[in-house]
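**Student:** The file below is run-v7.txt, compact mmCIF, C-alpha atoms:
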# COMPACT_ATOMS: atom_id res chain seq x y z
CA MET A 84 80.01 96.40 80.25
CA SER A 85 81.54 92.92 80.47
CA PHE A 86 85.28 92.38 80.75
CA SER A 87 85.51 90.80 77.29
CA SER A 88 83.49 93.56 75.60
CA PHE A 89 85.64 96.23 77.29
CA GLU A 90 88.75 94.48 75.98
CA THR A 91 87.29 94.35 72.47
CA PHE A 92 86.34 98.03 72.68
CA LEU A 93 89.79 99.20 73.81
CA LYS A 94 91.53 97.08 71.20
CA SER A 95 89.36 98.68 68.51
CA LEU A 96 90.70 102.16 69.30
CA ASN A 97 93.68 103.85 67.66
CA PRO A 98 95.67 105.29 70.58
CA PHE A 99 98.52 107.77 70.32
CA PRO A 100 101.80 106.40 71.77
CA VAL A 101 102.06 107.50 75.42
CA LEU A 102 105.79 108.24 75.04
CA GLY A 103 105.39 109.76 71.58
CA LYS A 104 105.75 108.64 68.00
CA HIS A 105 109.45 109.48 67.89
CA ILE A 106 110.30 106.24 69.72
CA SER A 107 109.90 103.18 67.51
CA LYS A 108 108.44 99.96 68.88
CA GLU A 109 111.77 98.28 68.13
CA SER A 110 113.31 100.53 70.82
CA TYR A 111 111.16 98.97 73.59
CA ILE A 112 112.34 95.94 75.55
CA PRO A 113 110.40 93.93 78.16
CA LEU A 114 111.78 94.02 81.70
CA ASP A 115 111.11 91.49 84.47
CA LEU A 116 111.13 93.04 87.95
CA SER A 117 109.27 90.16 89.59
CA ILE A 118 110.40 88.08 92.54
CA HIS A 119 111.22 85.35 90.02
CA ASN A 120 114.04 87.33 88.39
CA THR A 121 117.14 85.89 90.08
CA GLU A 122 119.32 88.74 88.78
CA LEU A 123 117.56 91.06 91.23
CA GLN A 124 118.97 89.09 94.15
CA THR A 125 122.21 91.04 93.71
CA VAL A 126 120.44 94.43 93.54
CA ASP A 127 119.64 96.52 96.61
CA LEU A 128 115.97 97.15 95.87
CA SER A 129 115.76 99.65 98.74
CA SER A 130 118.07 101.94 96.74
CA SER A 131 116.54 103.75 93.78
CA SER A 132 120.03 104.46 92.41
CA ASP A 133 121.02 100.78 92.53
CA LEU A 134 117.81 99.74 90.80
CA GLU A 135 118.28 102.50 88.24
CA THR A 136 121.80 101.27 87.49
CA TYR A 137 120.45 97.75 86.94
CA ILE A 138 117.67 98.95 84.62
CA TRP A 139 119.86 101.27 82.55
CA HIS A 140 122.55 98.59 82.13
CA PHE A 141 119.84 96.14 81.05
CA MET A 142 118.51 98.61 78.48
CA LYS A 143 121.99 99.48 77.18
CA ALA A 144 122.83 95.81 76.71
CA GLN A 145 119.65 95.42 74.64
CA ASN A 146 120.23 98.71 72.76
CA ALA A 147 116.79 99.86 73.96
CA LYS A 148 115.41 103.31 74.71
CA VAL A 149 112.52 102.10 76.87
CA ALA A 150 112.04 99.12 79.18
CA TYR A 151 108.47 98.12 79.93
CA GLY A 152 106.33 95.59 81.75
CA GLY A 153 104.97 94.68 85.12
CA TYR A 154 101.28 93.94 84.68
CA LEU A 155 100.23 91.53 87.47
CA GLU A 156 103.91 91.13 88.34
CA GLN A 157 104.58 90.14 91.95
CA ARG A 158 107.43 92.35 93.11
CA GLY A 159 109.75 92.45 96.09
CA ILE A 160 110.53 96.16 95.77
CA TYR A 161 107.42 97.17 97.75
CA GLN A 162 108.75 95.50 100.90
CA ARG A 163 110.98 98.53 101.44
CA SER A 164 107.98 100.75 102.24
CA ASP A 165 105.49 100.63 105.11
CA TYR A 166 102.96 102.06 102.66
CA PHE A 167 102.67 98.62 101.08
CA ASN A 168 103.99 96.36 103.81
CA ALA A 169 101.89 94.25 106.12
CA SER A 170 103.27 92.38 109.12
CA GLN A 171 104.57 89.01 108.04
CA THR A 172 101.95 86.64 109.37
CA GLU A 173 100.33 83.79 107.47
CA GLN A 174 97.15 85.84 107.03
CA SER A 175 98.88 89.07 106.03
CA GLN A 176 100.81 87.42 103.18
CA GLN A 177 97.48 87.40 101.36
CA GLU A 178 96.94 91.03 102.36
CA GLU A 179 100.38 92.42 101.48
CA ARG A 180 100.19 94.68 98.43
CA ASN A 181 102.88 93.50 96.03
CA ILE A 182 101.12 92.70 92.71
CA HIS A 183 101.53 95.48 90.13
CA LEU A 184 98.35 96.61 88.33
CA GLY A 185 99.73 98.88 85.62
CA ILE A 186 102.51 98.81 83.09
CA ASP A 187 105.74 100.68 83.81
CA LEU A 188 107.66 102.45 81.07
CA TRP A 189 111.26 103.05 82.20
CA ILE A 190 112.87 106.03 80.49
CA GLU A 191 114.85 109.09 81.58
CA ALA A 192 113.39 111.87 83.71
CA GLY A 193 111.96 114.79 81.76
CA SER A 194 110.60 112.57 78.99
CA PRO A 195 107.28 113.88 77.64
CA ILE A 196 104.03 112.00 78.25
CA TYR A 197 101.14 112.18 75.79
CA ALA A 198 97.43 111.46 76.04
CA PRO A 199 96.68 108.24 74.16
CA LEU A 200 93.02 109.22 73.69
CA ARG A 201 90.88 112.32 73.96
CA GLY A 202 89.49 113.02 77.41
CA GLU A 203 89.52 115.51 80.25
CA ILE A 204 91.40 116.07 83.49
CA HIS A 205 89.54 114.01 86.08
CA SER A 206 91.93 114.77 88.95
CA PHE A 207 95.56 115.19 89.94
CA LYS A 208 97.56 115.00 93.15
CA ASN A 209 101.06 114.72 94.58
CA ASN A 210 100.97 111.36 96.37
CA THR A 211 103.94 111.80 98.67
CA ASN A 212 104.04 108.53 100.63
CA TYR A 213 107.41 106.80 100.37
CA GLY A 214 107.15 104.43 97.42
CA ASP A 215 103.94 106.06 96.16
CA TYR A 216 103.25 107.70 92.77
CA GLY A 217 104.46 111.19 93.53
CA PRO A 218 102.78 113.64 91.10
CA THR A 219 99.85 111.87 89.40
CA ILE A 220 97.30 112.71 86.72
CA ILE A 221 94.07 110.83 86.01
CA LEU A 222 92.25 111.36 82.70
CA LYS A 223 88.57 110.60 82.17
CA HIS A 224 87.61 109.25 78.75
CA HIS A 225 84.10 109.10 77.33
CA ILE A 226 84.25 107.43 73.93
CA GLU A 227 81.45 105.74 71.99
CA GLY A 228 79.20 105.94 75.04
CA LYS A 229 81.75 104.26 77.32
CA THR A 230 83.48 105.95 80.27
CA PHE A 231 86.80 104.84 81.71
CA TYR A 232 90.00 106.36 83.12
CA THR A 233 93.75 106.28 82.62
CA LEU A 234 96.30 107.03 85.34
CA TYR A 235 99.79 108.50 84.92
CA GLY A 236 102.07 108.21 87.93
CA HIS A 237 105.65 109.26 88.84
CA LEU A 238 105.47 112.58 87.01
CA SER A 239 107.36 115.83 87.59
CA LEU A 240 106.00 118.48 89.95
CA ASP A 241 105.67 120.86 87.00
CA SER A 242 103.21 118.45 85.41
CA ILE A 243 100.51 119.18 87.98
CA GLU A 244 101.29 122.81 88.73
CA HIS A 245 98.76 124.53 86.49
CA LEU A 246 96.15 121.84 85.89
CA LYS A 247 92.41 122.31 86.26
CA VAL A 248 89.82 119.59 86.68
CA GLY A 249 87.52 119.25 83.68
CA VAL A 250 89.88 120.76 81.12
CA GLU A 251 89.68 118.97 77.78
CA VAL A 252 92.69 116.97 76.64
CA LYS A 253 93.17 116.16 72.96
CA GLN A 254 94.52 112.86 71.71
CA GLY A 255 98.28 113.17 71.26
CA GLU A 256 98.53 116.27 73.46
CA GLN A 257 101.48 116.39 75.85
CA ILE A 258 100.10 116.20 79.38
CA ALA A 259 103.20 115.76 81.55
CA THR A 260 106.88 114.98 81.91
CA LEU A 261 108.50 112.30 84.03
CA GLY A 262 109.90 113.12 87.45
CA LYS A 263 113.16 112.26 89.16
CA ALA A 264 113.47 109.93 92.14
CA GLU A 265 113.39 112.92 94.51
CA VAL A 266 109.73 113.59 93.67
CA ASN A 267 108.37 110.36 92.14
CA GLY A 268 108.19 108.18 95.25
CA ASP A 269 111.92 107.34 95.18
CA TYR A 270 112.01 105.20 92.05
CA PRO A 271 114.18 105.30 88.94
CA PRO A 272 112.38 107.53 86.42
CA HIS A 273 109.45 105.78 84.78
CA LEU A 274 105.79 106.16 83.93
CA HIS A 275 103.19 104.04 85.70
CA PHE A 276 100.31 103.74 83.21
CA GLN A 277 97.06 102.13 84.29
CA ILE A 278 93.56 101.64 82.88
CA ILE A 279 90.67 101.94 85.36
CA LYS A 280 87.06 101.07 84.57
CA ASP A 281 85.48 102.37 87.79
CA ILE A 282 87.42 105.11 89.59
CA GLN A 283 85.19 104.66 92.68
CA ASP A 284 85.67 107.68 94.98
CA TYR A 285 89.36 108.24 94.30
CA ILE A 286 90.72 111.69 93.48
CA GLY A 287 94.22 112.01 92.02
CA ASP A 288 95.05 108.52 93.17
CA TYR A 289 94.07 104.89 92.67
CA PRO A 290 95.73 101.69 93.92
CA GLY A 291 98.49 100.61 91.55
CA VAL A 292 99.46 97.58 93.58
CA SER A 293 97.13 94.84 94.84
CA SER A 294 97.18 92.14 97.45
CA ALA A 295 96.52 88.54 96.47
CA LYS A 296 93.27 88.76 98.45
CA ASP A 297 91.90 91.62 96.30
CA LEU A 298 93.43 90.63 92.98
CA GLU A 299 90.31 89.26 91.28
CA PHE A 300 88.53 92.59 91.69
CA TYR A 301 91.47 94.63 90.43
CA LYS A 302 92.13 92.34 87.46
CA THR A 303 88.62 93.19 86.27
CA ASN A 304 88.67 96.88 87.17
CA CYS A 305 92.23 97.50 85.97
CA PRO A 306 92.77 95.39 82.86
CA ASP A 307 96.03 95.00 81.01
CA ALA A 308 97.25 98.48 80.04
CA ASN A 309 98.88 96.95 76.99
CA TRP A 310 95.41 96.94 75.40
CA LEU A 311 96.22 100.62 74.75
CA LEU A 312 100.01 100.62 74.73
CA ARG A 313 100.25 97.88 72.07
CA LEU A 314 103.83 96.87 72.94
As structure tokens, what does this structure read like?

**Tutor:**
Amino acid sequence: MSFSSFETFLKSLNPFPVLGKHISKESYIPLDLSIHNTELQTVDLSSSSDLETYIWHFMKAQNAKVAYGGYLEQRGIYQRSDYFNASQTEQSQQEERNIHLGIDLWIEAGSPIYAPLRGEIHSFKNNTNYGDYGPTIILKHHIEGKTFYTLYGHLSLDSIEHLKVGVEVKQGEQIATLGKAEVNGDYPPHLHFQIIKDIQDYIGDYPGVSSAKDLEFYKTNCPDANWLLRL
């Protein structure tokens, strides 16, 4: 399936809101966490609490319930973790993973997460590297003869406690709740939502951040998650 036909297909669907219908679209506000946001120069990005304070103040000033964004955003926050960091040589700057492949939805811990489309549990895992997803669920969708996947990262531990691979998930069914910084990779509470065309051999995990060197592949395999979020 070509990239353009996959985009057309996803845009033809009628997804359920991932954070639920009780939050109106007017309550969402875009948030820039890229290296180009000069306001972040005064924020200690190595501290989840400092970043959380910045995000919540930003949302309060905009009278928003959810902040969102980040697709293909080049971020400085990943420099705090060896999981993403490469040594700073001229070659490794192309290899450093700092380009975000999903969309983040920043909202308080414990918020419910819903399946946007029918599917099944493909896999789940607690990805415990510092700066990683923490508890993660991947759904497999087979709709109109097309198979693809959606990933939900930074969940609560309870979200993956009683899951079983292959169990059917209905559209609009609650599948998880968001985790706190202590379990979600040390981030302010948020959902990392990502579309994946080819899951390859990954189980309960898939790269959510790319290097510049690999970006063309990931742009095709992980298209803009807003095709389903519609924000």

**Student:** Counting only C-alpha atoms, figure out which residue out of A:Leu128, A:Leu155, A:Ile118, A:Leu311 gets nearest to Gly214 of chain A.

**Tutor:**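 Checking each of A:Leu128, A:Leu155, A:Ile118, A:Leu311 against Gly214 of chain A, counting only C-alpha atoms, the winner is A:Leu128.
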
**Student:** Work out how far apart atom CA of Gln277 of chain A and atom CA of Tyr289 of chain A are and give it in Å to one decimal.

**Tutor:** 9.3 Å

**Student:** For atom CA of Ser206 of chain A and atom CA of Gln254 of chain A, quote the distance in Å rounded to one decimal.

**Tutor:** 17.5 Å

**Student:** Counting only C-alpha atoms, which of A:Phe89, A:Phe207, A:Tyr213, A:Tyr301 gets nearest to Lys247 of chain A?

**Tutor:**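 So, comparing all the options, the nearest one is A:Phe207.
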
**Student:** Can you list every residue of segment 98-117 of chain A that has an atom at most 7 Å from segment 134-149 of chain A, with its nearest atom pair and the distance in Å to one decimal, using only C-alpha atoms, ordered by chain then number, as JSON lines?

**Tutor:**
{"residue": "A:Ser110", "atom": "CA", "partner": "A:Ala147", "partner_atom": "CA", "distance": 4.7}
{"residue": "A:Tyr111", "atom": "CA", "partner": "A:Val149", "partner_atom": "CA", "distance": 4.7}
{"residue": "A:Ile112", "atom": "CA", "partner": "A:Ala147", "partner_atom": "CA", "distance": 6.1}

**Student:** Quick one: of A:Lys94, A:Lys208, A:Lys302, A:Lys280, who's nearest to Asn267 of chain A, counting only C-alpha atoms?

**Tutor:**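 Residue with the minimum atom-to-atom distance to Asn267 of chain A: A:Lys208.
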
**Student:** Could you tell me how far atom CA of Ala259 of chain A lies from atom CA of Ala150 of chain A, in Å and to one decimal?

**Tutor:**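 Atom CA of Ala259 of chain A sits 19.0 Å away from atom CA of Ala150 of chain A.
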
**Student:** Using only C-alpha atoms, find the one residue out of A:Arg158, A:His119, A:Lys263, A:Arg180 that sits nearest to Gly236 of chain A.

**Tutor:** A:Lys263

**Student:** From the set A:Leu298, A:Ile279, A:Ala198, A:Val266, which residue has the shortest atom-to-atom contact distance to Ile182 of chain A, counting all atoms listed in the file?

**Tutor:**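 Checking each candidate against Ile182 of chain A, we get A:Leu298 as the closest.
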
**Student:** So, counting all atoms listed in the file, which residue among A:Gln157, A:Ser239, A:Ser293, A:Ser131 is closest to Tyr216 of chain A?

**Tutor:** A:Ser239

**Student:** Can you tell me which residues surround Leu114 of chain A at a distance of at most 8 Å, considering all atoms listed in the file, apart from same-chain residues fewer than 6 positions away, and format the answer as a PyMOL selection string?

**Tutor:** chain A and resi 150-153

**Student:** Can you spit out the residues from that selection as a compact mmCIF listing (two decimals), in the coordinates of the input, using C-alpha atoms?

**Tutor:**
# COMPACT_ATOMS: atom_id res chain seq x y z
CA ALA A 150 112.04 99.12 79.18
CA TYR A 151 108.47 98.12 79.93
CA GLY A 152 106.33 95.59 81.75
CA GLY A 153 104.97 94.68 85.12

**Student:** Show me, as an MDAnalysis selection string, the residues that have an atom within 7 Å of segment 100-105 of chain A when counting all atoms listed in the file, minus same-chain residues fewer than 6 positions from it.

**Tutor:** chainID A and resid 195:199 312

**Student:** Could those selected residues go to a file with C-alpha atoms, as a PDB file, keeping the file's coordinate frame?

**Tutor:**
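Contents of the output file part_23.pdb:
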ATOM      1  CA  PRO A 195     107.280 113.880  77.640  1.00  0.00           C
ATOM      2  CA  ILE A 196     104.030 112.000  78.250  1.00  0.00           C
ATOM      3  CA  TYR A 197     101.140 112.180  75.790  1.00  0.00           C
ATOM      4  CA  ALA A 198      97.430 111.460  76.040  1.00  0.00           C
ATOM      5  CA  PRO A 199      96.680 108.240  74.160  1.00  0.00           C
ATOM      6  CA  LEU A 312     100.010 100.620  74.730  1.00  0.00           C
TER       7      LEU A 312
END

**Student:** What would the file be for segment 195-207 of chain A if you keep all heavy atoms and write it as a compact mmCIF listing (two decimals), in the first residue's frame?

**Tutor:**
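Below you can see selection.txt, which holds the result:
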# COMPACT_ATOMS: atom_id res chain seq x y z
N PRO A 195 -8.08 8.19 31.39
CA PRO A 195 -8.36 6.99 30.62
C PRO A 195 -7.96 7.13 29.16
O PRO A 195 -8.03 8.22 28.58
CB PRO A 195 -9.88 6.84 30.75
CG PRO A 195 -10.38 8.22 31.01
CD PRO A 195 -9.30 8.92 31.78
N ILE A 196 -7.54 6.01 28.57
CA ILE A 196 -7.15 5.93 27.17
C ILE A 196 -8.08 4.94 26.47
O ILE A 196 -8.32 3.84 26.98
CB ILE A 196 -5.69 5.47 27.02
CG1 ILE A 196 -4.76 6.34 27.87
CG2 ILE A 196 -5.26 5.47 25.54
CD1 ILE A 196 -4.79 7.80 27.53
N TYR A 197 -8.57 5.33 25.29
CA TYR A 197 -9.55 4.53 24.57
C TYR A 197 -9.01 4.10 23.21
O TYR A 197 -8.21 4.81 22.59
CB TYR A 197 -10.84 5.33 24.37
CG TYR A 197 -11.47 5.81 25.66
CD1 TYR A 197 -11.11 7.03 26.21
CD2 TYR A 197 -12.41 5.03 26.32
CE1 TYR A 197 -11.68 7.47 27.40
CE2 TYR A 197 -12.99 5.46 27.51
CZ TYR A 197 -12.62 6.68 28.04
OH TYR A 197 -13.18 7.11 29.23
N ALA A 198 -9.49 2.95 22.75
CA ALA A 198 -9.10 2.46 21.43
C ALA A 198 -9.81 3.28 20.35
O ALA A 198 -11.04 3.35 20.35
CB ALA A 198 -9.46 0.99 21.28
N PRO A 199 -9.07 3.89 19.44
CA PRO A 199 -9.72 4.69 18.40
C PRO A 199 -10.44 3.84 17.36
O PRO A 199 -11.37 4.30 16.71
CB PRO A 199 -8.57 5.45 17.78
CG PRO A 199 -7.37 4.58 18.01
CD PRO A 199 -7.61 3.91 19.33
N LEU A 200 -10.00 2.58 17.21
CA LEU A 200 -10.54 1.67 16.21
C LEU A 200 -10.60 0.26 16.79
O LEU A 200 -9.90 -0.04 17.76
CB LEU A 200 -9.66 1.66 14.96
CG LEU A 200 -9.43 3.00 14.26
CD1 LEU A 200 -8.25 2.89 13.30
CD2 LEU A 200 -10.68 3.46 13.54
N ARG A 201 -11.39 -0.58 16.21
CA ARG A 201 -11.41 -1.98 16.64
C ARG A 201 -10.07 -2.63 16.31
O ARG A 201 -9.39 -2.25 15.37
CB ARG A 201 -12.56 -2.74 15.97
CG ARG A 201 -12.37 -3.00 14.49
CD ARG A 201 -13.54 -3.79 13.92
NE ARG A 201 -13.31 -4.19 12.55
CZ ARG A 201 -13.63 -3.48 11.49
NH1 ARG A 201 -14.18 -2.28 11.64
NH2 ARG A 201 -13.39 -3.94 10.27
N GLY A 202 -9.71 -3.63 17.09
CA GLY A 202 -8.45 -4.32 16.85
C GLY A 202 -8.26 -5.44 17.86
O GLY A 202 -9.23 -5.99 18.39
N GLU A 203 -7.01 -5.76 18.12
CA GLU A 203 -6.68 -6.78 19.11
C GLU A 203 -5.35 -6.42 19.76
O GLU A 203 -4.58 -5.61 19.23
CB GLU A 203 -6.59 -8.16 18.47
CG GLU A 203 -5.46 -8.31 17.46
CD GLU A 203 -5.42 -9.70 16.83
OE1 GLU A 203 -6.42 -10.10 16.21
OE2 GLU A 203 -4.37 -10.35 16.97
N ILE A 204 -5.11 -7.01 20.92
CA ILE A 204 -3.83 -6.78 21.61
C ILE A 204 -2.73 -7.49 20.82
O ILE A 204 -2.70 -8.72 20.76
CB ILE A 204 -3.86 -7.29 23.06
CG1 ILE A 204 -5.00 -6.65 23.85
CG2 ILE A 204 -2.52 -7.04 23.73
CD1 ILE A 204 -4.87 -5.17 24.07
N HIS A 205 -1.86 -6.71 20.22
CA HIS A 205 -0.70 -7.30 19.53
C HIS A 205 0.37 -7.68 20.52
O HIS A 205 0.92 -8.78 20.50
CB HIS A 205 -0.13 -6.32 18.50
CG HIS A 205 1.20 -6.73 17.94
ND1 HIS A 205 2.40 -6.33 18.50
CD2 HIS A 205 1.51 -7.52 16.89
CE1 HIS A 205 3.40 -6.86 17.80
NE2 HIS A 205 2.89 -7.58 16.82
N SER A 206 0.68 -6.75 21.45
CA SER A 206 1.74 -6.99 22.44
C SER A 206 1.72 -5.88 23.48
O SER A 206 1.07 -4.85 23.29
CB SER A 206 3.11 -7.06 21.76
OG SER A 206 3.34 -5.90 20.97
N PHE A 207 2.44 -6.10 24.57
CA PHE A 207 2.56 -5.10 25.62
C PHE A 207 3.84 -5.38 26.39
O PHE A 207 4.36 -6.51 26.40
CB PHE A 207 1.34 -5.13 26.55
CG PHE A 207 1.06 -6.49 27.15
CD1 PHE A 207 1.57 -6.84 28.38
CD2 PHE A 207 0.27 -7.41 26.46
CE1 PHE A 207 1.31 -8.10 28.92
CE2 PHE A 207 0.00 -8.66 27.00
CZ PHE A 207 0.52 -9.00 28.23
